[in-house]
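So the structure is just underneath, and the comments pick up after that.
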Amino acid sequence: MSTEKKISVDAGGGNRGSFTGKIGFVLAAAGSAVGLGNIWRFPYLAAKYGGGIFLLVYILLSVTFGFTLMVAEIAIGRKTGQSPIGAFRALDKRFTFIGVLGAVVPMLILPYYSVIGGWVTKYAFGFMTGHMTEMATNIGESTYFGMYISNVWEPIGWFALFMGATALIVLFGVQKGVEKVSKVMMPVLVVLMIFIVIYSFCTTDNVWEGVVYYLKPDFSKFTYMTVVAAMGQLFYSMSLAMGIMITFGSYMKKDISIENSAHQIEIFDTGIAFLAGLMIVPACVAYDPSQLTKGPGLMFGVLPKVFDNMFGGAFIGTVFFLMVLLAALTSSISLMETVVSTVQDKWKLSRRVSCLIVFGISILLGVLSCLGYSAWDDILVFGKFAILDFFDFVTNSVMMPIIALCTCIFVSFILKPSVVIDEISLSGRFRLKGMFSVIIRYIAPVCLLVILVFAILEGVGVITV
Ligand code: PFF
């Protein structure tokens, strides 16, 4: 059996290679999907790209494009019973490259994902050791976070710690334990987030202005970048266009409904992102609106201020950051596991050597990302991206749309949508068959192509928003 099968998706049933039941599949897929994308990335994009209008575009894309691509990937995985490279090879040798491209994306995401995981670790530790107020206070013009990432060594240290923990868990194959803990913690995280939202709504002055900003679509703020950013976020958050869902599909039993599972993952993933936005965006408007367009540091700049104003904030903040850390860890483990399996299969290496290689590359690329905010902050790729932001841009706005586009073309014209539809219909009637066919054949390829061209032109500075 392919070593890629080792990715830990068995929901505890002992029989590795397929899920024990419907809920097992949904939970495992949601465990991979829910992570920093929802809690860190979604709120800053929503803040940056106009609040309500971004939210609206995101939700619309999620129930149309997101759904279509997700069921297609799961169906390809289940039909072939293989991980991405093998799956495309089995269906048509000429299209193996889509699987290969998909395998490269997690390798590029893992390092910078772990840099952010390092930031979360630092904040969890800081809260735990009584530094909350310090972390909530601006230093001159800059937030504490701004000062922190401009240090050369400290962020590298926390990143190495997070990356090391991920690598050790993958090396010793103990992710099942972590996943079990996380399945219990996830519901706690959701309840905690709801509590924080309610608390901050009741106690923060001016918070409603921010709620309106986040919930009310302002169409004058709509630009093509709203769609580009929302689409990239959709892929990232739902772990689409990087082969992950194909791998998950390969473990799924034939009598489980792909359609219903996709809806549940979608609702769960988008629900958590929505809540995170509700927690962060209005608080940002209330405390420091100038941070709205700042980007990746948003969560770290705003949340300490929320907790600092809260009764028992040090405790609640500690628990919150610990849970985010856990969500980040389960995601980074599944990213690393994917890459390690690919390396192991491709070059016929032992698991230990593969882990070491992936760890080495990740440390190298992650250190670059850290330095891009500190010693090398004068280096701007294409004149605008810090190194970490550049990796984020290349994977989300360029590579994933390319993979999604190729997948749509492949399913529409080579494989034919009927093959996917038949696979989905194995467990009962495919209710959204009509929508699926139209989107995968016509709407998705055209939109993806347009988005890709705009994203690249914007990225290299030919056009600006
Ligand atoms: N979907 C995850 C998130 O939103 O944080 C990121 C991710 C995790 C992508 C695991 C891919 C993956 F395999």
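By order of appearance in the structure tokens: chains A, B, ..., then residues from 1 within every chain, and ligands from 1 in the order shown.
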**Report entry** Spatial neighbours of region 143-146 of chain A, 8 Å, only C-alpha atoms, chain gap at least 5 places, as a ChimeraX atom specification
**Finding:** /A:134-138,297,300-301
Report task. List all protein, DNA and RNA residues that have at least one atom no more than 7 Å from any atom of ligand 1, counting only C-alpha atoms and all ligand atoms, and write them as an NGL selection string. Result -> :A and (32-38 or 106 or 236-239 or 244 or 328 or 331-332 or 334-335 or 338)
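Among A:Val381, A:Leu171, A:Met399, A:Leu365, the residue with the shortest atom-to-atom distance to Ser350 (chain A), counting only C-alpha atoms, is A:Leu171.
CA of Val358 (chain A) lies 7.9 Å from CA of Met107 (chain A).
With only C-alpha atoms taken into account, the protein and nucleic acid residues at most 10 Å from Ala444 (chain A) (excluding it and anything under 4 positions from it in its own chain) are Thr64, Phe65, Thr68, Leu69, Ala404, Leu405, Cys408, Ile409, Phe436, Val438, Ile439, Ile440, Leu448, Leu449 and Val450 of chain A.
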Requested in this report: Report the residues of region 77-253 of chain A whose backbone DSSP state falls under helix (DSSP H, G or I), written as a ChimeraX atom specification.
Outcome: /A:77-80,84-91,93-128,132-136,144-149,153-172,175-203,207-215,219-221,224-237,244-249
Query raised in the report: So which one's closest to Ala262 (chain A), A:Ser427, A:Val462, A:Leu27, A:Met70? Using only C-alpha atoms, please.
Result: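 Of the candidates, the smallest distance to Ala262 (chain A) is held by A:Met70.
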Query - Long-range neighbours of Leu161 (chain A) as number ranges by chain, 9 Å cut-off, only C-alpha atoms, 4 positions minimum in chain - result: A: 118, 121, 156-157, 165-166
**Report entry** Close residues, Ile451 (chain A) itself excluded, 9 Å, only C-alpha atoms, min 6 positions apart in chain, as a list in words
**Finding:** Tyr224, Met225, Val227, Val228, Met231, Ser397 and Pro401 of chain A
Requested in this report: Find the residues around region 93-102 of chain A up to 6 Å (only C-alpha atoms counted), leave out those fewer than 4 positions away in its own chain, and share them as a PyMOL selection string.
Outcome: chain A and resi 84-85+88-89+242-243
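Residues within 8 Å of region 199-202 of chain A, counting only C-alpha atoms and excluding same-chain residues fewer than 4 positions away, are A:Phe195, A:Val207, A:Trp208, A:Met279, A:Ala283, A:Val306, A:Met310.
Each of A:Asn309, A:Thr464, A:Ser369, A:Ser374 was compared to Met132 (chain A) using only C-alpha atoms, and A:Asn309 turns out to be the nearest.
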Requested in this report: Have a look at A:Asp345, A:Tyr112, A:Ser362, A:Thr226 and name the one nearest to Ala386 (chain A); count only C-alpha atoms.
Outcome: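 Selected residue with least distance to Ala386 (chain A): A:Tyr112.
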Report task. Find, counting only C-alpha atoms, the residue in A:Gly77, A:Gly232, A:Pro296, A:Gly383 that gets nearest to Arg41 (chain A). Result -> A:Pro296
Requested in this report: In Å, rounded to a single decimal, give me how far CA of Leu45 (chain A) is from CA of Val398 (chain A).
Outcome: 16.8 Å
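Our summary of the geometry notes that CA of Asp205 (chain A) is positioned 12.2 Å from CA of Asp288 (chain A).
Between Lys254 (chain A) and the candidates A:Thr342, A:Ser425, A:Thr203, A:Thr270, the tightest atom-to-atom separation, counting only C-alpha atoms, involves A:Ser425.
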